[in-house]
Structures are given as structure tokens and as C-alpha cells.
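For reference, input-v7.cif is printed below; it contains mmCIF, C-alpha atoms.
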data_input
loop_
_atom_site.label_atom_id
_atom_site.label_comp_id
_atom_site.auth_asym_id
_atom_site.auth_seq_id
_atom_site.Cartn_x
_atom_site.Cartn_y
_atom_site.Cartn_z
CA MET A 13 55.28 36.04 15.62
CA PRO A 14 53.70 33.41 13.49
CA LYS A 15 50.22 34.23 12.47
CA LYS A 16 47.46 32.19 13.94
CA LYS A 17 45.76 30.01 11.45
CA VAL A 18 42.17 31.00 11.19
CA LYS A 19 39.94 28.22 10.19
CA LYS A 20 37.60 29.23 7.48
CA LYS A 21 34.04 28.42 8.19
CA VAL A 22 32.69 26.36 5.35
CA LYS A 23 29.06 26.99 4.76
CA SER A 24 27.17 23.90 3.74
CA LYS A 25 25.81 24.42 0.29
CA GLU A 26 22.10 24.24 0.02
CA ILE A 27 21.08 22.35 -3.03
CA LYS A 28 18.17 23.86 -4.84
CA GLY A 29 15.14 21.66 -4.57
CA GLN A 30 16.79 19.32 -2.05
CA LEU A 31 14.38 16.72 -0.76
CA GLY A 32 12.61 17.76 2.38
CA LYS A 33 14.07 21.27 2.30
CA LYS A 34 11.53 23.21 0.34
CA LYS A 35 10.83 26.79 1.33
CA GLU A 36 8.02 27.13 3.81
CA THR A 37 5.05 29.13 2.72
CA ALA A 38 3.69 31.91 4.92
CA ARG A 39 0.69 29.72 5.63
CA GLU A 40 2.90 26.81 6.75
CA LYS A 41 4.94 29.12 8.99
CA MET A 42 1.77 30.38 10.62
CA ILE A 43 0.28 26.99 11.37
CA GLY A 44 3.64 25.32 12.11
CA GLN A 45 2.82 22.36 9.90
CA THR A 46 3.71 21.24 6.43
CA ILE A 47 0.91 21.22 3.89
CA GLY A 48 0.95 18.33 1.44
CA TYR A 49 3.83 15.96 0.81
CA ARG A 50 7.50 16.89 0.66
CA TYR A 51 8.21 14.13 -1.82
CA ASP A 52 6.49 12.64 -4.85
CA VAL A 53 4.00 10.04 -3.57
CA ASN A 54 3.18 8.97 -7.11
CA LEU A 55 6.78 8.30 -8.13
CA LEU A 56 6.98 4.99 -9.97
CA PRO A 57 9.89 2.76 -8.87
CA ASP A 58 12.96 2.44 -11.05
CA TYR A 59 13.65 -1.30 -11.01
CA SER A 60 17.28 -0.84 -12.02
CA ARG A 61 17.87 0.53 -8.52
CA LEU A 62 16.61 -2.50 -6.58
CA THR A 63 18.87 -3.42 -3.66
CA PRO A 64 20.13 -7.04 -3.34
CA PHE A 65 17.97 -7.52 -0.23
CA LEU A 66 14.81 -6.45 -2.06
CA LYS A 67 15.62 -8.85 -4.94
CA LYS A 68 15.86 -11.71 -2.41
CA TYR A 69 12.62 -10.61 -0.71
CA ILE A 70 10.68 -10.55 -4.02
CA GLU A 71 11.98 -14.04 -4.82
CA ALA A 72 11.09 -15.39 -1.37
CA MET A 73 7.53 -14.06 -1.63
CA GLY A 74 7.06 -15.49 -5.13
CA TRP A 75 6.21 -12.10 -6.71
CA ASP A 76 7.41 -10.62 -10.00
CA ASP A 77 7.96 -7.09 -8.75
CA LEU A 78 7.93 -4.90 -5.64
CA ASN A 79 4.19 -5.45 -5.23
CA TRP A 80 2.92 -3.52 -2.16
CA LEU A 81 6.32 -1.90 -1.68
CA GLU A 82 5.71 0.23 -4.79
CA ASP A 83 3.65 2.47 -2.52
CA VAL A 84 6.37 2.84 0.12
CA HIS A 85 8.37 6.06 0.05
CA MET A 86 10.83 7.81 2.33
CA GLY A 87 8.88 10.43 4.25
CA TYR A 88 9.51 12.66 7.25
CA GLU A 89 8.55 12.56 10.88
CA GLU A 90 9.38 15.66 12.89
CA ASN A 91 11.83 16.70 10.16
CA ARG A 92 13.72 13.40 10.34
CA PRO A 93 13.70 10.88 7.48
CA ALA A 94 11.22 8.14 8.27
CA VAL A 95 9.12 5.45 6.64
CA PHE A 96 5.49 4.77 7.52
CA ASP A 97 4.79 1.26 8.83
CA ARG A 98 1.14 0.42 8.22
CA ASN A 99 1.37 -2.65 10.45
CA ALA A 100 2.43 -0.58 13.45
CA ASN A 101 0.45 2.48 12.31
CA GLY A 102 3.41 4.75 12.94
CA TRP A 103 6.54 6.27 11.46
CA VAL A 104 9.82 4.40 11.74
CA THR A 105 12.68 6.90 11.81
CA ILE A 106 15.79 6.06 9.84
CA PRO A 107 18.95 5.55 11.99
CA SER A 108 21.21 8.60 11.75
CA LYS A 109 24.21 6.42 10.83
CA ILE A 110 22.60 5.61 7.48
CA LYS A 111 23.61 8.20 4.91
CA LEU A 112 20.81 8.99 2.55
CA PRO A 113 21.34 9.94 -1.09
CA ASN A 114 19.71 13.06 -2.50
CA ASN A 115 17.73 11.02 -4.97
CA GLN A 116 14.22 9.92 -4.21
CA GLN A 117 14.46 6.64 -6.13
CA ASP A 118 17.43 5.46 -4.02
CA ARG A 119 15.96 6.84 -0.80
CA ASP A 120 12.73 4.96 -1.47
CA MET A 121 14.63 1.70 -2.01
CA ILE A 122 16.39 2.18 1.35
CA ALA A 123 13.03 2.93 2.98
CA ARG A 124 11.51 -0.26 1.51
CA GLU A 125 14.42 -2.41 2.65
CA LEU A 126 14.40 -1.01 6.19
CA LEU A 127 10.64 -1.34 6.48
CA VAL A 128 10.63 -5.01 5.46
CA LYS A 129 13.50 -5.73 7.87
CA PHE A 130 11.68 -3.96 10.68
CA GLN A 131 8.45 -5.85 10.02
CA MET A 132 10.33 -9.16 10.12
CA SER A 133 12.24 -8.24 13.27
CA PRO A 134 11.24 -9.92 16.57
CA ASN A 135 11.18 -6.38 18.02
CA HIS A 136 8.29 -5.31 15.82
CA PRO A 137 5.27 -4.12 17.90
CA LEU A 138 2.99 -6.56 16.06
CA VAL A 139 4.87 -9.52 17.59
CA ASP A 140 3.77 -8.54 21.10
CA LEU A 141 0.24 -7.76 19.91
CA LYS A 142 -0.09 -11.11 18.15
CA LYS A 143 1.18 -12.95 21.23
CA ALA A 144 -1.40 -11.18 23.36
CA TYR A 145 -4.43 -11.13 21.08
CA LEU A 146 -4.09 -13.70 18.27
CA LYS A 147 -7.25 -15.81 18.26
CA PHE A 148 -6.71 -18.27 15.41
CA MET B 3 6.94 5.88 25.37
CA ALA B 4 3.30 6.52 25.89
CA ASN B 5 2.34 6.73 29.52
CA LEU B 6 -0.44 7.86 31.76
CA LYS B 7 -0.47 11.33 33.18
CA THR B 8 -1.18 11.23 36.89
CA SER B 9 -2.28 14.19 38.93
CA GLU B 10 -1.39 14.47 42.60
CA LYS B 11 -4.52 16.33 43.56
CA LYS B 12 -7.53 14.09 43.88
CA SER B 13 -10.72 15.47 42.51
CA LYS B 14 -14.14 14.63 43.87
CA ALA B 15 -14.68 12.27 40.93
CA GLN B 16 -11.40 10.46 41.65
CA SER B 17 -12.16 10.12 45.36
CA MET B 18 -15.45 8.53 44.37
CA GLY B 19 -13.58 6.01 42.20
CA LEU B 20 -14.38 7.75 38.94
CA HIS B 21 -11.53 9.27 36.98
CA THR B 22 -10.26 9.82 33.45
CA GLU B 23 -6.73 9.08 32.33
CA VAL B 24 -4.99 11.43 29.93
CA LEU B 25 -2.58 9.62 27.66
CA THR B 26 0.54 11.71 27.12
CA GLY B 27 2.98 11.12 24.31
CA LYS B 28 2.16 8.93 21.38
CA THR B 29 5.50 7.65 20.17
CA GLN B 30 7.10 4.32 20.86
CA GLN B 31 10.80 3.64 20.98
CA LYS B 32 11.67 0.32 19.45
CA PHE B 33 15.19 -0.59 18.43
CA PHE B 34 16.17 -3.22 15.92
CA ASN B 35 19.28 -4.21 14.10
CA PRO B 36 18.72 -4.25 10.32
CA ASP B 37 21.07 -7.24 10.00
CA GLU B 38 19.03 -9.47 12.30
CA ALA B 39 16.05 -9.81 10.00
CA GLU B 40 17.25 -11.51 6.83
CA ASN B 41 15.17 -14.60 7.46
CA PHE B 42 12.19 -13.55 5.28
CA TYR B 43 9.76 -14.65 7.93
CA TYR B 44 6.88 -12.66 9.37
CA PHE B 45 6.04 -13.60 12.94
CA GLY B 46 2.83 -15.64 13.19
CA THR B 47 2.77 -16.78 9.55
CA TYR B 48 3.08 -20.36 8.30
CA ASP B 49 6.24 -21.56 6.62
CA VAL B 50 4.79 -22.98 3.40
CA ASP B 51 6.49 -24.69 0.46
CA PHE B 52 5.26 -23.63 -3.01
CA ASN B 53 6.16 -27.09 -4.36
CA LYS B 54 3.85 -28.84 -1.87
CA ARG B 55 0.50 -28.96 -3.69
CA THR B 56 -2.98 -30.17 -2.78
CA GLU B 57 -6.58 -29.92 -3.99
CA ILE B 58 -9.85 -29.48 -2.11
CA ASP B 59 -13.42 -29.75 -3.34
CA VAL B 60 -15.60 -27.11 -1.66
CA LYS B 61 -18.86 -28.16 -3.33
CA ASN B 62 -20.44 -29.23 -0.05
CA MET B 63 -18.73 -26.66 2.19
CA ASP B 64 -19.90 -23.20 3.18
CA CYS B 65 -17.43 -20.31 2.98
CA ARG B 66 -16.40 -20.59 6.66
CA GLU B 67 -15.55 -24.26 6.32
CA ALA B 68 -13.68 -23.68 3.07
CA ASN B 69 -11.63 -20.79 4.48
CA LYS B 70 -10.82 -22.80 7.61
CA LYS B 71 -9.69 -25.72 5.45
CA ILE B 72 -7.33 -23.41 3.53
CA ASP B 73 -5.88 -22.24 6.84
CA GLU B 74 -5.35 -25.81 8.04
CA LEU B 75 -3.58 -26.75 4.81
CA MET B 76 -1.24 -23.76 5.15
CA LYS B 77 -0.52 -24.87 8.70
CA ASP B 78 0.53 -28.25 7.26
CA GLY B 79 2.98 -26.46 4.94
CA TYR B 80 1.05 -26.63 1.66
CA GLY B 81 2.14 -23.71 -0.52
CA THR B 82 -0.07 -24.44 -3.54
CA ILE B 83 -3.78 -25.09 -3.00
CA VAL B 84 -6.30 -25.73 -5.77
CA ILE B 85 -9.97 -25.11 -4.93
CA LYS B 86 -12.41 -27.17 -6.98
CA ASN B 87 -16.10 -26.24 -7.47
CA PRO B 88 -16.23 -22.81 -5.77
CA GLN B 89 -19.62 -22.43 -7.52
CA GLY B 90 -19.87 -18.68 -7.02
CA LYS B 91 -19.79 -18.86 -3.22
CA HIS B 92 -19.30 -15.53 -1.45
CA SER B 93 -16.31 -14.54 0.71
CA LEU B 94 -14.02 -17.35 -0.36
CA GLY B 95 -10.26 -16.98 0.23
CA VAL B 96 -10.57 -14.01 2.59
CA GLY B 97 -8.15 -12.91 5.29
CA ILE B 98 -5.12 -14.92 4.10
CA LEU B 99 -2.10 -13.27 5.69
CA ASN B 100 0.50 -15.63 4.29
CA LYS B 101 2.47 -16.29 1.14
CA LEU B 102 0.58 -18.90 -0.87
CA ASN B 103 -0.36 -20.00 -4.38
CA LEU B 104 -4.14 -20.28 -4.45
CA ILE B 105 -6.00 -21.44 -7.57
CA PHE B 106 -9.80 -21.37 -7.94
CA GLU B 107 -11.16 -23.71 -10.62
CA GLY B 108 -14.37 -21.75 -11.20
CA SER B 109 -16.09 -18.47 -10.36
CA LEU B 110 -16.42 -16.59 -7.06
CA GLY B 111 -19.34 -14.63 -5.61
CA TYR B 112 -19.19 -11.37 -3.66
CA PHE B 113 -16.16 -10.20 -1.65
CA GLY B 114 -13.85 -12.98 -2.83
CA CYS B 115 -10.21 -12.83 -1.71
CA GLY B 116 -10.83 -9.79 0.53
CA SER B 117 -8.49 -8.46 3.22
CA MET B 118 -5.56 -10.62 2.20
CA ASP B 119 -1.89 -9.91 2.65
CA GLY B 120 0.60 -11.78 0.49
CA PRO B 121 -0.84 -14.67 -1.57
CA ILE B 122 -0.84 -15.12 -5.34
CA VAL B 123 -4.37 -16.03 -6.42
CA ARG B 124 -5.58 -17.19 -9.82
CA ILE B 125 -9.33 -17.39 -10.52
CA ASN B 126 -10.23 -19.37 -13.64
CA GLY B 127 -13.68 -17.82 -13.91
CA ARG B 128 -15.60 -14.66 -13.04
CA VAL B 129 -15.93 -12.74 -9.77
CA GLY B 130 -18.81 -10.83 -8.18
CA TRP B 131 -18.87 -7.49 -6.38
CA SER B 132 -15.92 -6.14 -4.42
CA CYS B 133 -13.33 -8.72 -5.34
CA ALA B 134 -10.10 -8.33 -3.33
CA GLU B 135 -11.48 -5.42 -1.31
CA ASN B 136 -8.99 -4.12 1.24
CA MET B 137 -6.15 -6.21 -0.19
CA MET B 138 -2.84 -5.36 1.50
CA ALA B 139 -0.32 -7.23 -0.65
CA GLY B 140 -0.11 -10.08 -3.16
CA LYS B 141 -1.40 -10.68 -6.66
CA VAL B 142 -4.88 -11.68 -7.87
CA VAL B 143 -5.47 -12.67 -11.50
CA ILE B 144 -9.04 -13.11 -12.83
CA GLU B 145 -9.29 -14.83 -16.18
CA LYS B 146 -12.80 -13.54 -17.09
CA ASN B 147 -14.98 -10.55 -16.08
CA ALA B 148 -15.51 -8.91 -12.67
CA GLY B 149 -18.46 -7.15 -11.01
CA SER B 150 -18.76 -3.68 -9.51
CA CYS B 151 -16.48 -2.17 -6.86
CA PHE B 152 -13.59 -4.26 -8.13
CA GLY B 153 -10.65 -3.69 -5.77
CA ALA B 154 -12.60 -1.45 -3.40
CA ALA B 155 -10.27 0.28 -0.93
CA ILE B 156 -7.21 -1.79 -1.80
CA ARG B 157 -4.03 -0.74 -0.05
CA GLY B 158 -1.38 -2.64 -1.98
CA GLY B 159 -0.58 -5.46 -4.37
CA ASP B 160 -1.60 -6.18 -7.95
CA LEU B 161 -5.20 -6.88 -8.93
CA ILE B 162 -5.61 -8.03 -12.51
CA CYS B 163 -8.79 -8.72 -14.49
CA LYS B 164 -8.24 -10.00 -18.01
CA GLY B 165 -11.86 -9.25 -18.99
CA SER B 166 -14.07 -6.22 -18.31
CA VAL B 167 -15.20 -4.81 -14.95
CA GLY B 168 -18.30 -3.04 -13.62
CA ALA B 169 -18.75 0.40 -12.10
CA ARG B 170 -16.79 2.05 -9.28
CA THR B 171 -13.59 0.07 -9.84
CA GLY B 172 -10.92 1.10 -7.34
CA ILE B 173 -13.37 3.10 -5.23
CA ASP B 174 -11.51 4.61 -2.26
CA GLN B 175 -8.26 3.00 -3.44
CA LYS B 176 -5.36 3.75 -1.11
CA GLY B 177 -2.52 2.00 -2.90
CA GLY B 178 -1.61 -0.90 -5.15
CA THR B 179 -2.26 -1.41 -8.86
CA ILE B 180 -5.49 -2.45 -10.60
CA ILE B 181 -5.06 -3.66 -14.19
CA ILE B 182 -8.02 -4.27 -16.52
CA GLY B 183 -7.61 -5.93 -19.89
CA GLY B 184 -11.08 -4.96 -21.17
CA ASP B 185 -13.44 -2.08 -20.44
CA ALA B 186 -14.41 -0.44 -17.11
CA GLY B 187 -17.74 1.07 -16.02
CA ALA B 188 -18.74 4.47 -14.67
CA PHE B 189 -17.07 6.16 -11.70
CA THR B 190 -13.82 4.23 -12.07
CA GLY B 191 -11.31 5.50 -9.50
CA PHE B 192 -14.05 7.23 -7.50
CA MET B 193 -12.52 8.98 -4.46
CA MET B 194 -9.19 7.24 -4.96
CA GLN B 195 -6.46 8.53 -2.71
CA ARG B 196 -3.38 6.77 -3.94
CA GLY B 197 -2.27 3.89 -6.18
CA ARG B 198 -2.61 3.23 -9.89
CA ILE B 199 -5.32 1.94 -12.25
CA ILE B 200 -4.54 0.73 -15.78
CA ILE B 201 -7.42 0.18 -18.23
CA LEU B 202 -6.53 -1.10 -21.67
CA GLY B 203 -10.06 -0.72 -23.08
CA ASP B 204 -12.68 2.02 -22.82
CA VAL B 205 -13.96 3.54 -19.59
CA GLY B 206 -17.39 4.94 -18.67
CA ILE B 207 -18.47 8.35 -17.44
CA ASN B 208 -17.05 10.25 -14.45
CA LEU B 209 -13.57 8.75 -14.50
CA GLY B 210 -11.62 9.58 -11.33
CA ASP B 211 -14.48 11.52 -9.77
CA SER B 212 -13.38 13.32 -6.58
CA MET B 213 -9.96 11.66 -6.65
CA TYR B 214 -7.49 13.11 -4.15
CA ASP B 215 -4.38 11.51 -5.57
CA GLY B 216 -3.18 8.49 -7.54
CA THR B 217 -2.86 7.87 -11.27
CA ILE B 218 -5.18 6.32 -13.89
CA PHE B 219 -3.91 5.17 -17.28
CA VAL B 220 -6.50 4.56 -20.03
CA GLY B 221 -5.81 2.89 -23.36
CA GLY B 222 -9.22 3.40 -24.99
CA LYS B 223 -11.94 6.05 -24.99
CA ILE B 224 -13.00 7.96 -21.87
CA GLY B 225 -16.75 8.56 -21.33
CA SER B 226 -16.10 11.74 -19.34
CA PHE B 227 -13.83 13.04 -16.60
CA GLY B 228 -15.20 13.29 -13.07
CA SER B 229 -14.88 16.22 -10.73
CA ASP B 230 -11.21 17.28 -10.28
CA ALA B 231 -9.79 14.59 -12.61
CA VAL B 232 -7.41 16.09 -15.17
CA GLU B 233 -5.22 14.79 -17.95
CA ALA B 234 -1.44 14.79 -17.39
CA GLU B 235 1.63 14.23 -19.53
CA LEU B 236 2.73 10.62 -19.99
CA THR B 237 6.45 10.48 -19.17
CA ASP B 238 9.13 8.01 -20.30
CA SER B 239 9.27 6.65 -16.76
CA ASP B 240 5.50 6.01 -16.89
CA GLN B 241 5.89 4.12 -20.15
CA ASP B 242 8.75 1.95 -18.85
CA TRP B 243 6.75 1.09 -15.76
CA LEU B 244 3.58 0.37 -17.79
CA LYS B 245 5.44 -2.01 -20.12
CA ARG B 246 6.89 -3.88 -17.16
CA LYS B 247 3.57 -4.03 -15.33
CA LEU B 248 1.59 -5.30 -18.33
CA LYS B 249 4.16 -8.05 -18.80
CA VAL B 250 3.82 -9.05 -15.13
CA ALA B 251 0.02 -8.96 -15.52
CA GLU B 252 0.19 -11.40 -18.45
CA ILE B 253 -1.99 -9.07 -20.57
CA GLY B 254 -1.30 -6.47 -23.22
CA GLU B 255 2.39 -7.23 -23.41
CA ASN B 256 2.48 -5.81 -26.95
CA PHE B 257 0.10 -2.93 -26.17
CA ASP B 258 1.26 0.48 -27.40
CA VAL B 259 1.58 2.29 -24.07
CA SER B 260 2.72 5.55 -25.68
CA LYS B 261 -0.88 6.23 -26.76
CA MET B 262 -2.36 5.86 -23.29
CA THR B 263 -4.03 8.76 -21.49
CA LYS B 264 -2.77 9.60 -18.00
CA VAL B 265 -5.30 11.00 -15.54
CA VAL B 266 -4.39 12.56 -12.19
CA ALA B 267 -6.05 14.69 -9.51
CA GLY B 268 -6.35 18.40 -10.19
CA LYS B 269 -5.89 18.88 -6.40
CA LYS B 270 -8.62 21.50 -6.23
CA LEU B 271 -10.32 19.41 -3.57
CA TRP B 272 -7.29 19.53 -1.29
CA ASN B 273 -8.52 21.32 1.81
CA TYR B 274 -6.34 19.59 4.36
CA ASP B 275 -5.44 22.80 6.20
CA ALA B 276 -9.03 24.06 6.45
CA LEU B 277 -9.23 23.58 10.20
CA GLU B 278 -5.72 23.90 11.55
CA PRO B 279 -4.96 24.30 15.27
CA THR B 280 -4.63 28.10 15.15
CA GLU B 281 -8.08 28.47 13.68
CA LYS B 282 -9.50 26.02 16.18
CA LYS B 283 -8.00 28.08 19.00
CA GLY B 284 -9.42 31.22 17.46
CA ALA B 285 -12.83 29.67 17.22
CA ILE B 286 -12.90 28.62 20.89
#

Translate this file's structure into C-alpha cells.
Amino acid sequence: MPKKKVKKKVKSKEIKGQLGKKKETAREKMIGQTIGYRYDVNLLPDYSRLTPFLKKYIEAMGWDDLNWLEDVHMGYEENRPAVFDRNANGWVTIPSKIKLPNNQQDRDMIARELLVKFQMSPNHPLVDLKKAYLKF
Amino acid sequence: MANLKTSEKKSKAQSMGLHTEVLTGKTQQKFFNPDEAENFYYFGTYDVDFNKRTEIDVKNMDCREANKKIDELMKDGYGTIVIKNPQGKHSLGVGILNKLNLIFEGSLGYFGCGSMDGPIVRINGRVGWSCAENMMAGKVVIEKNAGSCFGAAIRGGDLICKGSVGARTGIDQKGGTIIIGGDAGAFTGFMMQRGRIIILGDVGINLGDSMYDGTIFVGGKIGSFGSDAVEAELTDSDQDWLKRKLKVAEIGENFDVSKMTKVVAGKKLWNYDALEPTEKKGAI
């Protein structure tokens, strides 16, 4: 009898220091919340990693650099990658179909691009608010 | 989606017409296609042309009239507006939520260019207290000196003063970059929470007092460090960014950034988890 092929279970390798996967402290386990940031909020942008969309956006706005987007980083909302939208005062979760690199510079660029696109979308919550409450 | 929790049982208060509504859930589900929004247009803003230029003389206008006039000109598509004779009036150029080139031919009073989101402003003079407070995005360049509380509570954008500034620069800063070509007064970066301050000259006492986060770069002498402000190592990435930023700011392009001092928060004031839910439950 031919032997049944047994599929070997491949364990996904955990990369040491992977973004968003730091070891929880006892204190964090107890309170069920993360203390502090899971990424570097003070990371300065690497302009060699600008996406083509962001280059076009900077040109359209008449700026010389990322301007306010320098403070935008890829964060987490309920353990899912997300970017904070200050205009909607909430986290915008990144679609699962978008594969994120394990490099904060590139992740931040993706976060900036998605945030700008979301803010310019007619589905942005501010569009409805402006329609309802804009005075002048 | 957020909705209202309704209870079947009517209480005495409800039967009397008095009731409270408990809001359950706080997330919204909004879907958008990333490809749909390549038009570079924010809803509700004016489509202005940077090449369409005009001038207005605000000598006989108060700040309300002047700000309304700027709004009307943007509505007509003017992308470059020159303001003549601002004469140190307060609150000029506030609340502009549009891309625009705005040039002031003179000095501004208190709270100039506050709460704006997007424009590029050039002030060929001095500014008073709290210039560009609460700025969200854009770029403001001041050719001469600035008063106290320069860039108070700014959230984003670049704020540049080619001269010197007063005390409490970047107080409560939550983002963005403040660049100073000259000296800065006491309590610079007081209670800052995020963002960056670059000072090419000297800075007064209590630098970065009670800062929670953010970074301060100083080119000259430091009077003294404030509570929880500590010196950190200047990295290559910091230097590359500083060189680029100083070039954008039109000041100190040839400044030796390798000799700058980097100041960050010591994070001893971080007590975010002091009253977490478990403790609250325990206390009740």
C-alpha cells in the first residue's frame, strides 16, 4: 500500500521585533490594553520611499515636502493595522487585501497615501457633516 | 454602526416622558475605493489657481472684513493673494481651509494665521503672540521676529521664523515642525506632545519642560533643560532630515547640522496607565 502523504505543518516564523508583535508585559496582560505606542511616533520620513501618489499630492498642494503627513504613521486599532484620521476623529483600518511590508518607513507611506485618498473620497464622514452643518 | 440602545421595559421616568439614551458601539463602517480619489480635491474647498493673482489693501478694514474678503477671492478662484497694509491687525488670515498662496506686505498682530489647514503664507514683517496657533497643515514663513507662544498647539505643517522668537514657543505642540533661524526664549517646547522644533540659535531656560514626546533640535547654547527633557543621540537619519528641512525653510542651508543637540522626553512623566479599568472597578 502506498503511504499516505502527510502534509507537514509549516509554522510561520515569528520575526524578532516584528512591528506590532512585541511581547506583552504582565501589566498589559492584566489590564488588557497596550501601554504606549507599538511603533516609533517620532520616526522621520525617508523621502526616497515616497509613493508616486504622494509625489503628485505634494505637487498639487504646492508644498515642498510631506508637510502635515510627516506626523502620520501606521498604527493599530483592535490589533489590525490602521491609520488615524483627525478629520473623522477615528481610526481607518487598512483593507486586508493590502499586503504590508515589515518596514515602518514603507508602512507609513502606505498609511499616508490611504489617508489622503480616504479624506478626498465622497464617502468620507466629513462630506455628510459639511452638507448638514456648513455655515459659510 | 453606532445606534441607540432601547429597553423594552418602561421606567417611571420614561412613562413621564423623561428618559436617557445609552449610545452603544462607537465605530462607523465606511467603505471607499482607493482608486476613486485621485482628483486631489477636498469636498467643500475652492478650486483655486496659483497663477491667478490679486492684491487687497486692508488699511481701512477690520479683521472680519479682511478675512471675509480673502474667502470671497478664493471663491473666485484666486490662488495668490497679496495683502497690503496689514498694520499689525490681530487675527488676520485665520481659518483658511484651502490651498492658497497668501502674502502679507507688513506685520501682523496677535493670533495671525491661526487654525488654518493648507495654505502657504509669507509674512514680510513681524508677528505678535500665538502666530499660527492650532495650524493643521500648510507652511508659514515669517521674515522677521515673532512674539511669545509662537506655534501654540500646532498639529501639523511647517512654521518658520527667520528671526528670533519669544517664550513658550511650541507650547502644547501636537505635531508639525517649527523652525527658528535666530534665538528662542524660555520654556520652548513646554508640554509638547509630538512634532519637532528646530532652533538654529540659542535657547532660554527650561527647554522642553514637561514634554511628553516630540523632538527638539538646538544649534546654539541651551539655558537649561526643563523637567523630563533629556539629551539624545543625533542619528544620520536626523541629519538627513534636518538638511532637507532647512533647505525647504530657506534658512541655514549651509548650517552644520552634525553639531546640533537633540532633546527628547525622558518619559518619566508617562502615567497613562495610572487609572486603568481594573483599578477603577476595584475602587468602586

Exercise. Mind telling me what the PyMOL selection byres ((chain B and resi 216-219) around 6) catches here, as a list in words?
Worked result: Gln195, Arg196, Gly197, Arg198, Ile199, Ile200, Asp215, Val220, Thr263, Lys264, Val265 and Val266 of chain B

For this session: Record the distance separating CA of Ser150 (chain B) and CA of Ala231 (chain B), expressed in Å with one decimal.
Result: 20.6 Å

For this session: Just need the residues of chain A within 6 Å of chain B, counting only C-alpha atoms, so spit them out as JSON, numbers by chain.
Result: {"A": [79, 80, 129, 132, 133]}

Problem set entry | Residue among A:Thr37, A:Asn135, A:Thr46, A:Thr105 lying closest to Ala123 (chain A), counting all atoms listed in the file | A:Thr105

For this session: For the structure provided, state which residues fall under the PyMOL selection byres ((chain B and resi 88) around 7), and present them as a list of chain:residue names.
Result: B:Val60, B:Lys61, B:Ile85, B:Lys86, B:Asn87, B:Gln89, B:Gly90, B:Lys91, B:Phe106, B:Gly108, B:Ser109, B:Leu110

Limited to C-alpha atoms, could you put the picked residues into a file as a CSV table (one decimal), in the coordinates of the input?
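again17.csv was written with the following content:
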chain,number,residue,atom,x,y,z
B,60,VAL,CA,-15.6,-27.1,-1.7
B,61,LYS,CA,-18.9,-28.2,-3.3
B,85,ILE,CA,-10.0,-25.1,-4.9
B,86,LYS,CA,-12.4,-27.2,-7.0
B,87,ASN,CA,-16.1,-26.2,-7.5
B,89,GLN,CA,-19.6,-22.4,-7.5
B,90,GLY,CA,-19.9,-18.7,-7.0
B,91,LYS,CA,-19.8,-18.9,-3.2
B,106,PHE,CA,-9.8,-21.4,-7.9
B,108,GLY,CA,-14.4,-21.8,-11.2
B,109,SER,CA,-16.1,-18.5,-10.4
B,110,LEU,CA,-16.4,-16.6,-7.1

For this session: Counting only C-alpha atoms, write as a ChimeraX atom specification all protein and nucleic acid residues lying at most 7 Å from (10.9, 4.1, -11.2) in the file's frame.
Result: /A:55-59,117 /B:239,243

Saved selection, atoms kept: C-alpha atoms, as a PDB file, in the coordinates of the input:
ATOM      1  CA  LEU A  55       6.780   8.300  -8.130  1.00  0.00           C
ATOM      2  CA  LEU A  56       6.980   4.990  -9.970  1.00  0.00           C
ATOM      3  CA  PRO A  57       9.890   2.760  -8.870  1.00  0.00           C
ATOM      4  CA  ASP A  58      12.960   2.440 -11.050  1.00  0.00           C
ATOM      5  CA  TYR A  59      13.650  -1.300 -11.010  1.00  0.00           C
ATOM      6  CA  GLN A 117      14.460   6.640  -6.130  1.00  0.00           C
TER       7      GLN A 117
ATOM      8  CA  SER B 239       9.270   6.650 -16.760  1.00  0.00           C
ATOM      9  CA  TRP B 243       6.750   1.090 -15.760  1.00  0.00           C
TER      10      TRP B 243
END

Problem set entry | Distance of CA of Tyr112 (chain B) from CA of Asn136 (chain B), expressed in Å to one decimal place |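 Answer for the CA of Asn136 (chain B) to CA of Tyr112 (chain B) separation: 13.4 Å.
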
Problem set entry | Explicit residues for the PyMOL selection byres ((chain A and resi 98) around 10) (as a VMD selection string) | (chain A and resid 84 95 to 97 99 to 103 127 131) or (chain B and resid 138 157)

Exercise. Between CA of Met63 (chain B) and CA of Asn147 (chain B), what is the spacing in Å?
Worked result: 24.6 Å

For this session: Tell me, as a list in words, which residues lie within 7 Å of Val143 (chain B), counting only C-alpha atoms; anything in the same chain fewer than 3 positions away does not count.
Result: Val123, Arg124, Ile125, Leu161, Ile162 and Cys163 of chain B

Problem set entry | Nearest residue to Asp211 (chain B) from the set B:Ile173, B:Ile72, B:Ile253, B:Ile58 (distances using all atoms listed in the file) |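 Among the listed residues, the smallest separation from Asp211 (chain B) belongs to B:Ile173.
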
For this session: Write out as a PyMOL selection string which residues come within 8 Å of Met193 (chain B) when counting all atoms listed in the file, dropping same-chain ones fewer than 3 positions away.
Result: chain B and resi 173-175+210-214

Write the residues of the preceding selection, restricted to C-alpha atoms, as a compact mmCIF listing (two decimals), keeping the file's coordinate frame.
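Done, and the output landed in part.txt:
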# COMPACT_ATOMS: atom_id res chain seq x y z
CA ILE B 173 -13.37 3.10 -5.23
CA ASP B 174 -11.51 4.61 -2.26
CA GLN B 175 -8.26 3.00 -3.44
CA GLY B 210 -11.62 9.58 -11.33
CA ASP B 211 -14.48 11.52 -9.77
CA SER B 212 -13.38 13.32 -6.58
CA MET B 213 -9.96 11.66 -6.65
CA TYR B 214 -7.49 13.11 -4.15

For this session: Please provide the set of residues having any atom within 8 Å of Asn53 (chain B), restricted to all atoms listed in the file, with same-chain residues fewer than 4 positions apart removed, written as a list in words.
Result: Tyr80, Gly81 and Thr82 of chain B

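The point (-10.9, -11.3, -3.6) has these residues within 9 Å of it when all atoms listed in the file are used: Ser93, Leu94, Gly95, Val96, Leu110, Tyr112, Phe113, Gly114, Cys115, Gly116, Ser117, Met118, Val123, Val129, Ser132, Cys133, Ala134, Glu135, Asn136, Met137, Val142, Phe152, Gly153 and Leu161 of chain B.
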
Hey, what's within 12 Å of Leu146 (chain A) if we count all atoms listed in the file and toss same-chain stuff fewer than 3 positions away? As an mmCIF file with C-alpha atoms, in the coordinates of the input, please?
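After the write, out22.cif holds the following:
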data_model
loop_
_atom_site.group_PDB
_atom_site.id
_atom_site.type_symbol
_atom_site.label_atom_id
_atom_site.label_comp_id
_atom_site.auth_asym_id
_atom_site.auth_seq_id
_atom_site.Cartn_x
_atom_site.Cartn_y
_atom_site.Cartn_z
ATOM 1 C CA LEU A 138 2.990 -6.560 16.060
ATOM 2 C CA VAL A 139 4.870 -9.520 17.590
ATOM 3 C CA ASP A 140 3.770 -8.540 21.100
ATOM 4 C CA LEU A 141 0.240 -7.760 19.910
ATOM 5 C CA LYS A 142 -0.090 -11.110 18.150
ATOM 6 C CA LYS A 143 1.180 -12.950 21.230
ATOM 7 C CA PHE B 45 6.040 -13.600 12.940
ATOM 8 C CA GLY B 46 2.830 -15.640 13.190
ATOM 9 C CA THR B 47 2.770 -16.780 9.550
#

For this session: Counting only C-alpha atoms, figure out which residue out of A:Asn54, A:Val128, A:Pro93, A:Met73 gets nearest to Lys109 (chain A).
Result: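 For Lys109 (chain A), the nearest of the given residues is A:Pro93.
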